[in-house]
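Engineer: Questions regarding the structure given below will be posed in turn.
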Amino acid sequence: MNLHQLHSQTRRQFLNTTGQFSLGAIALQSLIGHASAASSGNPLAMKAPPLPSKAKAVIYLSMSGAPPSLDMFDWKPELKAKDRMDCPENFLKGEKFAFIKGKPKLLGSPYKFAQYGQSGTWVSEKLPFMAKMADDLCVIRSMNTDQFNHAPAELMIYTGNMRNGSASMGSWVTYGLGTENQDLPGFVVLLSGGSDPTGGKACWANGFLPGAYQGVQCRAVGDPVLYVSDPAGMSRETRRRSLDALKKINQGEAELFGDPETITRIEQYELAYRMQASVPDAFNIAKETPETLAMYGAKPGEGSFANNCLLARRLIEKGVRFVQLFDWGWDIHGTGAHDDLMSAFPKKCLETDRACYALVQDLKQRGLLDSTLVVWGGEFGRTPMNEARGGSKALGRDHHPHCFTMWMTGGGIKRGINYGATDELGYHIAENKVGVRDLQATILHQLGFDPYQMNYRYQGLNNRLIGPTNEGKIVKGILA
Amino acid sequence: MSLRLASLVVALLPAFALAEPGAGKGVDFRRDVLPVISSKCFHCHGPDEKARKAKLRLDVREDALLDRDGFRAVVPGDPAKSEMMLRITSKDEEEMMPPPKEDKPLTAAEAEILRKWIAQGADYSQHWAFVKPQQIDVFVQPPGARTRNEVDNFITAKVSEQGLRQSPEADKMTLLRRVSLDLTGLPPTAEEMSAFINNTADAYEHEVDRLLASSAYGEKWARMWLDLARYADSRGYGSDQLRMNVWPWREWLIGALNRNVPYDQFSTEMLAGDLLPGATPEQMVATGFHRNTMTNVEGGTDDEEYRVAAVKDRVATTMQVWMGLTAGCAQCHSHKFDPISQKEYYQLFAVFNQTEDADREDESPRMPVKTKGEEEQRAKLNGEIAAIEARGGVASAAFEAELHQWEAKIAPLADVLPPTKERDLPANIAATLALEPSERSQQQRTELNEFFRPKSKIFAAAAKEIEGKRAQMAKIKSVELPIMRERTADKRRKTFLLNKGNFLAPGDEVAAAIPVAFAPPPKLAQGEEMNRLALARWIFSADNPLTARVAVNRFWAQIFGTGIVETEEDFGTQGQFPSHPELLDWLAVKFQTPKADGGLGWDMKALLRLIVTSQTYRQSSKVSAVAAQKDVRNRWLSHYPRRRLEAEALRDQALALSGLLSRKIGGPSVYPPQPDGLWSVAFNGGQNGYPTSKGEDRFRRGLYTFWRRTAPNPTMFTFDAPSRESCTIRRMPTNTPLQALVTLNDPVFVECAQSLARRIVSDAKGDAASRIRWALELCLCRPATDAQVAALRELYDAELANYKGNTAAATQLATNAALPLPQGVDAAELAAWTVVSNTLLSLDGVLMKN
């Protein structure tokens with residue numbers, strides 16, 4: 001049901017029950033006026049974007065911890081040739097690393113790369129599924145940030161500010177566009193990998209925007225949305241009867257005081273009732289065919305990335321505006337087998353490769369990809385040097401803000417292209433730098449916003465996702 | 001530059017001379033013009049010298065009037081000759097102002113304001129809030145208005161001017177609930193209700209005094225200060241480690257509010273208690289206010305970066321809380337709208353830049369605080385030790401008896417046997433033993449006890465027990481609260497202007513100072529430094545135009561939902577003009593004038609009393625048809641503004657109505673039940689488990705709930721509580737379906753419903769209808785209507801029938817481990833009452849203040 005239907009229905013219901021009301025004509029008129037004002041004042045009511053848009057929904061696959069691009073997409077034969085040789089001095093001058101001390105050794109990728117598709121995109125052997133869809137992707141190999149600790153870097157990319165307190169991308173988008181399906185949250189967050197991202201809940205916070213735009217973290221275990229289940233021992237019929245009684249008394253309240261907020265509240269309790277049915281339904285992946293489950297590698301009941309990808313598709317299909325997945329575990333330092341390049345990293349690839357592929361193909365098959373922007377990536381890059389923290393023998397890479405790879409598809413983005421490049425050792429960007437601000441500007445642009453104009457006034461400042469300066473540029477080269 | 005602005009004020013008229021009611025024809029620079037040019041022009045033609053275009057600034061009259069090769073931006077009295085008018089009315093994209101690319105077009109109405117203003121003579125006067133509030137004459141009471149104090153004169157004058165009508169007084173019970181929730185955050189109890197209804201005419205004032213004197217007052221108002229102070233029980237940032245040592249600051253806060261420490265003193269202690277001469281431990285504790293800033297312990301982070309961030313936060317918070325200014329902008333560039341240059345910002349930063357704290361893992365400097373809990377524990381152990389001594393010490397009867405037995409055994413031997421080990425007694429002991437007990441001196445008795453002690457089994461047992469208690473005592477550690485402490489004179493930091501706010505890009509060195517535009521700088525005595533104490537004195541100097549206004553506006557907003565200045569956080573040129581400027585100034589002057597001179601002397605309780613005893617506050621909240629049409633937002637207060645309870649009050653009310661609320665005051669934060677798994681954060685040192693409280697700590701008031709910044713209590717968060725990562729001046733209330741899910745299904749609310757159901761069964765009398773009436777009146781605190789009773793009666797009957805056939809479901813719904821089925825109560829009946837109670841706790845009239 002779209003929002004218009006919803007509201008007219010709510011208004012009809014309201015009008016139908018006004019038989020009990022004894023309002024004067026003016027008061028009634030003003031109440032109805034308020035009710036519709038309150039409805040259009042519904043913070044999540046659907047709004048048209050100010051400019052023509054290419055995408056109407058976003059699925060953001062956040063690889064929390066920062067995946068090693070050099071072992072996934074950014075093939076560097078020269079680095080391989082110089083494997084375990086000293087890192088050139090000029091790279092180290094004035095550099096600050098999170099953990100690397102002294103003179104580190106270069107680390108060529110231990111994995112084989114090959115080119116795929118018409119685009120000839122280089123992909124590592126650890127990503128056989130993503131390799132298959134090389135021609136669906138726009139691989140940006142020249143991402144750049146100025147943050148090299150997880151929390152500030154995540155906050156920078158997802159909220160436009162390295163410190164807590166700003167509004168996240170999903171909050172901005174739902175603030176600007178509302179959401180199509182009022183029976184589901186407009187901005188859903190799904191976690192996998194056993195931990196919240198380092199930036200924590202601030203990564204999907206509403207910040208200075210009203211609370212209604214906060215990302216709703218949905219859970220794999222227990223209620224998908226907090227408190228969506230009725231208390232044990234209460235049937236749906238009982239809940240319905242209790243809401244009927246509630247509505248009667250609240251309508252009396254509205255009549256007595258004439259407060260439009262009461263009308264809004266009646267609507268919100270009715271919405272909640274519908275959410276109680278629609279949320280469990282939306283989150284029930286067991287309703288998918290065995291073929292679909294197999295395509296994603298999804299198993300009902302797990303809190304896996306694969307399940308979350310499938311959920312993302314289900315939610316987008318049902319009219320959710322912004323779905324953000326956070327998959328923890330990409331912090332491949334190499335302090336031991338639990339976080340190294342040889343055991344931990346292939347495991348992460350295995351957990352995510354097939355599901356990413358399935359998600360894109362599934363969206364495509366269902367005709368949703370054109371209107372859905374899919375973004376994949378972490379918060380920064382990883383060093384071309386082996387970290388060797390405390391003399392660790394396990395291979396791994398330290399935090400590296402200068403360059404990393406992300407990919408996008410759908411939502412008006414060119415497919416089957418590689419954009420930007422790093423230098424021959426994968427240390428700095430060689431061409432077409434795409435900063436975090438550029439990425440944010442581009443995403444907003446695809447959704448029909450002018451990223452420079454989209455602002456929210458708070459504490460004397462016109463806050464924007466792209467930050468206070470105009471350094472962020474829409475990356476025209478990747479637009480279809 | 002701001003000095004220039006101040007010096008250019010044409011005439012220092014009383015701040016609102018032009019804004020009198022009825023003076024609708026002319027435009028007022030401060031009220032009408034400044035908001036327009038500030039938001040549409042200052043960006044390029046304002047105080048920020050770096051962003052300035054065409055070397056033109058419009059915030060200074062002299063500059064606007066300057067002859068620029070034959071044309072002037074503003075020609076007083078002649079709009080047609082003013083370049084400004086040509087530009088703002090031009091259709092030529094090259095010429096028009098603001099330029100199209102700024103996307104800030106002037107509306108026709110705005111252009112007309114500017115035209116009138118120039119025609120009137122282009123008078124510039126200082127932004128209203130930067131001019132000291134003057135003594136204002138109380139408005140004349142409009143005919144027929146009902147007034148109780150001066151507040152009403154100001155309000156009713158505007159009400160009648162707007163063609164609205166003052167609302168009649170709310171009924172007594174509604175009023176009692178309203179004022180109880182506003183002053184204490186708790187609904188009245190059934191006893192308080194019946195006492196009030198049966199009381200005499202001036203009972204309302206008595207209730208106000210009772211509520212202000214109750215300990216719940218300090219808890220309720222602490223809530224506001226916790227938001228302002230960005231108080232939390234964790235450090236924030238990525239790993240968000242727990243801070244188990246900051247709650248004593250909250251304890252101080254509640255106490256100071258209940259003691260009604262005057263606002264100026266209370267504030268000064270928070271800002272600079274450590275710098276007060278002969279600072280008391282309490283005053284040191286007060287400085288914990290500014291140690292609620294976040295610290296970052298994530299590996300690889302630069303301590304200096306986050307120390308600087310904390311100092312910035314202190315500057316921003318101080319200016320926001322006490323002066324209603326948004327100073328934060330000036331950390332990167334001179335403020336675009338208000339007279340705070342970037343240099344002045346860092347001069348203010350320098351004031352806060354001398355404390356010892358430096359984003360350290362141990363949060364030093366800290367101060368041990370003797371807490372009530374700790375004292376109680378010590379007293380308890382001392383009591384136990386005394387009891388053990390009484391039982392087995394040298395003075396105990398048991399020890400005496402054992403000594404006698406030994407004497408009895410040894411005495412006969414002394415006569416007949418040769419000396420043995422047993423008989424090898426020191427001469428003095430032997431001499432004592434030779435005497436009858438009654439003949440022994442005090443000293444001899446003491447000697448004997450001492451001699452026998454090592455041989456006593458009873459004493460040995462007691463000593464061991466006491467040793468255990470002493471060890472326990474030694475383990476009691478005082479909580480060590482992070483406090484503010486100045487670095488010693490030889491370790492002062494240098495402060496630099498930071499380019500774009502970046503701590504790695506220092507510019508010129510700056511000395512501590514205060515922005516000049518607002519009030520004369522503090523006069524420092526010989527040897528006195530420009531430090532936090534000097535800043536606090538400046539904030540509370542009689543010349544400061546903002547402090548009292550910001551304070552009274554905040555209390556007003558807490559009571560009426562919206563401030564007289566709606567932008568409570570911004571009294572600068574971008575803030576909104578006050579709805580009742582004269583009332584604001586009258587209140588501000590009243591609040592800051594000493595009691596001896598007829599003012600309130602910064603007495604917060606007295607200010608609240610003044611507001612809540614006004615007729616304006618006592619009005620009914622029914623919206624009249626006229627008000628609904630003419631004043632949808634109720635800015636003129638022709639009726640009491642109905643509002644939803646804040647997050648904490650919603651919890652407290654549900655617990656209070658159901659009889660579960662614990663009234664234990666103070667102590668460490670508690671962990672009421674919440675869904676599992678909400679605390680899983682990376683790199684947090686294993687602090688993933690939420691240790692759900694047991695016993696009465698499950699049912700404490702919301703302000704004691706453990707506040708973890710990155711994982712706040714979900715129920716509070718859903719009802720718009722902030723994360724407390726930074727200072728929150730006002731919460732923005734929302735109305736969402738997720739809130740409905742909380743009152744319907746959150747296990748805390750369900751448990752309240754279960755408990756309320758038990759009250760209905762045990763405390764209410766009569767048939768189902770009269771029990772429903774009792775419960776409605778308890779929850780809504782007003783007489784129930786037949787329609788309300790009928791709606792719940794229908795529900796009750798249906799659910800009783802439903803659960804009669806389903807005992808298992810009834811038991812599930814009506815009971816939990818802590819609330820088993822009471823004896824002699826039918827499960828189906830209790831389940832039906834639980835459904836009714838669950839509905840009651842979700843009623844609009846319960847969630848709202850009427």
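Residues are named by chain letter and number: chains run A, B, ... in the order of the structure tokens, numbers start at 1 in each chain, and ligands are numbered from 1 in the order shown.
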I'd like the neighbourhood of Tyr269 of chain A as a ChimeraX atom specification, where a residue qualifies if any of its atoms comes within 8 Å (using only C-alpha atoms), though same-chain residues fewer than 5 positions away should be ignored.

Structural biologist: /A:243 /B:737,740-741

Engineer: Please identify all polymer residues within 6 Å of segment 116-120 of chain A, counting only C-alpha atoms, omitting same-chain residues fewer than 5 positions from it, and present them as an mmCIF file with N, CA and C atoms, in the first residue's frame.

Structural biologist:
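Saved the output as out.cif:
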```cif
data_model
loop_
_atom_site.group_PDB
_atom_site.id
_atom_site.type_symbol
_atom_site.label_atom_id
_atom_site.label_comp_id
_atom_site.auth_asym_id
_atom_site.auth_seq_id
_atom_site.Cartn_x
_atom_site.Cartn_y
_atom_site.Cartn_z
ATOM 1 N N ALA A 134 31.701 -9.237 -13.091
ATOM 2 C CA ALA A 134 32.567 -8.070 -13.322
ATOM 3 C C ALA A 134 31.878 -7.022 -14.192
ATOM 4 N N ASP A 135 31.099 -7.472 -15.153
ATOM 5 C CA ASP A 135 30.484 -6.511 -16.071
ATOM 6 C C ASP A 135 29.240 -5.834 -15.488
ATOM 7 N N GLY A 416 30.290 -2.348 -15.576
ATOM 8 C CA GLY A 416 31.404 -2.917 -16.319
ATOM 9 C C GLY A 416 32.510 -1.921 -16.585
ATOM 10 N N ILE A 417 32.768 -1.059 -15.596
ATOM 11 C CA ILE A 417 33.912 -0.158 -15.772
ATOM 12 C C ILE A 417 34.822 -0.208 -14.546
#
```

Engineer: Show me, as a list in words, the residues that have an atom within 6 Å of Pro506 of chain B when counting only C-alpha atoms, minus same-chain residues fewer than 2 positions from it.

Structural biologist: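 The residues that qualify are Phe496, Leu497 and Leu498 of chain B.
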
Engineer: Okay, now the selection with N, CA and C atoms, as a compact mmCIF listing (two decimals), in the first residue's frame?

Structural biologist:
```
# COMPACT_ATOMS: atom_id res chain seq x y z
N PHE B 496 47.15 28.01 20.38
CA PHE B 496 47.28 28.56 19.04
C PHE B 496 45.94 28.53 18.33
N LEU B 497 45.78 29.47 17.43
CA LEU B 497 44.62 29.39 16.55
C LEU B 497 44.84 28.15 15.68
N LEU B 498 43.84 27.29 15.56
CA LEU B 498 44.02 26.08 14.77
C LEU B 498 43.35 26.27 13.42
```

Engineer: Report as an NGL selection string all protein, DNA and RNA residues lying within 12 Å of segment 296-299 of chain B, evaluated on only C-alpha atoms, omitting residues in the same chain fewer than 2 positions from it.

Structural biologist: (:A and (97-99 or 148-152 or 163-164 or 198-199 or 399)) or (:B and (234-242 or 293-294 or 301-310 or 358-363 or 682-685))

Engineer: Using DSSP on the backbone, list every residue of segment 160-235 of chain B that comes out as helix (DSSP H, G or I), and give them as a PyMOL selection string.

Structural biologist: chain B and resi 160-161+172-184+190-197+203-213+215-228

Engineer: How many Å separate atom CA of Gly477 of chain A from atom CA of Lys112 of chain A?

Structural biologist: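 Taking atom CA of Gly477 of chain A and atom CA of Lys112 of chain A, their separation equals 29.0 Å.
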
Engineer: Pick the closest to chain A from B:Gly288, B:Pro747, B:Pro100, B:Gly392: which is it, counting only C-alpha atoms?

Structural biologist: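 Nearest to chain A: B:Pro747.
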
Engineer: Could you state the separation of atom CA of Trp328 of chain A and atom CA of Ser62 of chain A in Å, given to one decimal place?

Structural biologist: 8.6 Å

Engineer: Between B:Leu114, B:Ala170, B:Val131, B:Gln812, which has the minimum distance to His639 of chain B (counting only C-alpha atoms)?

Structural biologist: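 Nearest to His639 of chain B: B:Ala170.
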
Engineer: What is the distance, in Å and to one decimal place, between atom CA of His335 of chain B and atom CA of Gly46 of chain B?

Structural biologist: 9.0 Å

Engineer: Between A:Asp353, A:Val323, A:Arg389, A:Asp450, single out the one closest to Lys103 of chain A, counting only C-alpha atoms.

Structural biologist: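 Going through A:Asp353, A:Val323, A:Arg389, A:Asp450 one by one, the smallest distance to Lys103 of chain A is for A:Arg389.
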
Engineer: Extract, using only C-alpha atoms, all DNA, RNA and protein residues at most 9 Å from Asp339 of chain A, discarding same-chain residues fewer than 3 positions from it, and format them as a list in words.

Structural biologist: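 Counting only the stated atoms, we get Gly329, Trp330, Asp331, Ile332, His333, Gly334, Thr335, Gly336, Met342, Ser343, Ala344, Phe345, Ala394, Leu395 and Gly396 of chain A.
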
Engineer: Export, as a PDB file, in the first residue's frame, the selected residues with N, CA, C and O atoms.

Structural biologist:
```
ATOM      1  N   GLY A 329      34.747  -7.935  10.601  1.00  0.00           N
ATOM      2  CA  GLY A 329      35.763  -8.991  10.522  1.00  0.00           C
ATOM      3  C   GLY A 329      36.791  -8.801   9.415  1.00  0.00           C
ATOM      4  O   GLY A 329      37.563  -9.704   9.117  1.00  0.00           O
ATOM      5  N   TRP A 330      36.846  -7.622   8.809  1.00  0.00           N
ATOM      6  CA  TRP A 330      37.763  -7.402   7.687  1.00  0.00           C
ATOM      7  C   TRP A 330      39.087  -6.759   8.106  1.00  0.00           C
ATOM      8  O   TRP A 330      39.863  -6.332   7.260  1.00  0.00           O
ATOM      9  N   ASP A 331      39.314  -6.700   9.405  1.00  0.00           N
ATOM     10  CA  ASP A 331      40.493  -5.991   9.910  1.00  0.00           C
ATOM     11  C   ASP A 331      41.705  -6.918   9.898  1.00  0.00           C
ATOM     12  O   ASP A 331      42.155  -7.419  10.926  1.00  0.00           O
ATOM     13  N   ILE A 332      42.247  -7.111   8.686  1.00  0.00           N
ATOM     14  CA  ILE A 332      43.230  -8.172   8.435  1.00  0.00           C
ATOM     15  C   ILE A 332      44.641  -7.704   8.787  1.00  0.00           C
ATOM     16  O   ILE A 332      45.445  -7.367   7.919  1.00  0.00           O
ATOM     17  N   HIS A 333      44.939  -7.660  10.091  1.00  0.00           N
ATOM     18  CA  HIS A 333      46.250  -7.170  10.535  1.00  0.00           C
ATOM     19  C   HIS A 333      47.344  -8.231  10.445  1.00  0.00           C
ATOM     20  O   HIS A 333      48.521  -7.915  10.323  1.00  0.00           O
ATOM     21  N   GLY A 334      46.940  -9.497  10.584  1.00  0.00           N
ATOM     22  CA  GLY A 334      47.953 -10.544  10.606  1.00  0.00           C
ATOM     23  C   GLY A 334      48.670 -10.657  11.943  1.00  0.00           C
ATOM     24  O   GLY A 334      49.867 -10.915  11.989  1.00  0.00           O
ATOM     25  N   THR A 335      47.937 -10.472  13.043  1.00  0.00           N
ATOM     26  CA  THR A 335      48.573 -10.707  14.345  1.00  0.00           C
ATOM     27  C   THR A 335      48.480 -12.184  14.719  1.00  0.00           C
ATOM     28  O   THR A 335      49.097 -12.634  15.672  1.00  0.00           O
ATOM     29  N   GLY A 336      47.701 -12.943  13.955  1.00  0.00           N
ATOM     30  CA  GLY A 336      47.553 -14.375  14.205  1.00  0.00           C
ATOM     31  C   GLY A 336      46.588 -14.927  13.175  1.00  0.00           C
ATOM     32  O   GLY A 336      46.112 -14.190  12.302  1.00  0.00           O
ATOM     33  N   MET A 342      45.945 -15.355   5.267  1.00  0.00           N
ATOM     34  CA  MET A 342      45.890 -16.717   4.758  1.00  0.00           C
ATOM     35  C   MET A 342      44.696 -17.502   5.306  1.00  0.00           C
ATOM     36  O   MET A 342      44.221 -18.413   4.652  1.00  0.00           O
ATOM     37  N   SER A 343      44.218 -17.200   6.507  1.00  0.00           N
ATOM     38  CA  SER A 343      43.066 -17.961   7.013  1.00  0.00           C
ATOM     39  C   SER A 343      41.835 -17.083   7.229  1.00  0.00           C
ATOM     40  O   SER A 343      40.743 -17.418   6.774  1.00  0.00           O
ATOM     41  N   ALA A 344      42.000 -15.968   7.930  1.00  0.00           N
ATOM     42  CA  ALA A 344      40.822 -15.153   8.240  1.00  0.00           C
ATOM     43  C   ALA A 344      40.238 -14.518   6.975  1.00  0.00           C
ATOM     44  O   ALA A 344      39.025 -14.539   6.764  1.00  0.00           O
ATOM     45  N   PHE A 345      41.106 -13.996   6.146  1.00  0.00           N
ATOM     46  CA  PHE A 345      40.637 -13.305   4.947  1.00  0.00           C
ATOM     47  C   PHE A 345      39.871 -14.217   3.983  1.00  0.00           C
ATOM     48  O   PHE A 345      38.756 -13.861   3.546  1.00  0.00           O
ATOM     49  N   ALA A 394      52.331 -14.243  10.953  1.00  0.00           N
ATOM     50  CA  ALA A 394      51.133 -14.263  10.109  1.00  0.00           C
ATOM     51  C   ALA A 394      51.139 -13.023   9.202  1.00  0.00           C
ATOM     52  O   ALA A 394      51.586 -11.960   9.608  1.00  0.00           O
ATOM     53  N   LEU A 395      50.655 -13.207   7.969  1.00  0.00           N
ATOM     54  CA  LEU A 395      50.660 -12.093   7.027  1.00  0.00           C
ATOM     55  C   LEU A 395      49.434 -11.199   7.244  1.00  0.00           C
ATOM     56  O   LEU A 395      48.334 -11.689   7.497  1.00  0.00           O
ATOM     57  N   GLY A 396      49.686  -9.908   7.127  1.00  0.00           N
ATOM     58  CA  GLY A 396      48.562  -8.987   7.281  1.00  0.00           C
ATOM     59  C   GLY A 396      48.955  -7.585   6.899  1.00  0.00           C
ATOM     60  O   GLY A 396      50.121  -7.287   6.652  1.00  0.00           O
TER      61      GLY A 396
END
```

Engineer: Compile the contact shell of Gly420 of chain A as a list in words: residues with an atom at most 7 Å away, counting only C-alpha atoms, same-chain residues fewer than 2 positions apart removed.

Structural biologist: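 With the cut-off at 7 Å, the set is Ile140, Arg141, Ser142, Asn418, Glu431, Asn432 and Lys433 of chain A.
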
Engineer: Just N, CA, C and O atoms for this one: save the residues we selected as an mmCIF file, in the first residue's frame.

Structural biologist:
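Saved as part.cif:
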```cif
data_model
loop_
_atom_site.group_PDB
_atom_site.id
_atom_site.type_symbol
_atom_site.label_atom_id
_atom_site.label_comp_id
_atom_site.auth_asym_id
_atom_site.auth_seq_id
_atom_site.Cartn_x
_atom_site.Cartn_y
_atom_site.Cartn_z
ATOM 1 N N ILE A 140 35.655 1.124 -8.312
ATOM 2 C CA ILE A 140 36.399 2.374 -8.085
ATOM 3 C C ILE A 140 37.649 2.018 -7.286
ATOM 4 O O ILE A 140 37.559 1.622 -6.129
ATOM 5 N N ARG A 141 38.798 2.109 -7.977
ATOM 6 C CA ARG A 141 40.028 1.668 -7.306
ATOM 7 C C ARG A 141 40.812 2.831 -6.710
ATOM 8 O O ARG A 141 41.932 2.656 -6.271
ATOM 9 N N SER A 142 40.192 3.989 -6.696
ATOM 10 C CA SER A 142 40.920 5.179 -6.261
ATOM 11 C C SER A 142 40.197 5.907 -5.131
ATOM 12 O O SER A 142 40.150 7.120 -5.088
ATOM 13 N N ASN A 418 36.063 0.193 -14.794
ATOM 14 C CA ASN A 418 37.000 0.398 -13.690
ATOM 15 C C ASN A 418 37.308 1.871 -13.677
ATOM 16 O O ASN A 418 37.593 2.468 -14.720
ATOM 17 N N GLU A 431 45.432 8.009 -10.425
ATOM 18 C CA GLU A 431 44.516 8.832 -11.236
ATOM 19 C C GLU A 431 43.088 8.775 -10.702
ATOM 20 O O GLU A 431 42.679 7.784 -10.079
ATOM 21 N N ASN A 432 42.358 9.874 -10.958
ATOM 22 C CA ASN A 432 40.938 9.985 -10.606
ATOM 23 C C ASN A 432 40.626 9.673 -9.151
ATOM 24 O O ASN A 432 39.848 8.769 -8.838
ATOM 25 N N LYS A 433 41.225 10.432 -8.294
ATOM 26 C CA LYS A 433 40.951 10.248 -6.868
ATOM 27 C C LYS A 433 39.461 10.451 -6.569
ATOM 28 O O LYS A 433 38.846 11.402 -7.045
#
```

Engineer: Would you pick out the contacts of Pro545 of chain B at 8 Å or less, using only C-alpha atoms, so that residues sharing its chain but fewer than 3 positions from it are not included, and give the list as a list in words?

Structural biologist: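 Those residues are Ala129, Phe130, Val131, Lys132, Pro133, Phe518, Ala519, Ala542, Ala548 and Arg549 of chain B.
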
Engineer: Mind checking DSSP for segment 331-541 of chain B and telling me the strand (DSSP E or B) residues as a list in words?

Structural biologist: Thr355, Arg366, Met367, Pro368, Val369, Val479, Glu480, Leu481, Pro482, Glu486, Thr495, Phe496, Leu497, Leu498, Pro506, Gly507, Asp508, Glu509 and Val510 of chain B

Engineer: Name the closest residue to chain A among the candidates B:Gln574, B:Thr280, B:Thr547, B:Thr616; distances are taken between atoms, counting only C-alpha atoms.

Structural biologist: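 Going through B:Gln574, B:Thr280, B:Thr547, B:Thr616 one by one, the smallest distance to chain A is for B:Gln574.
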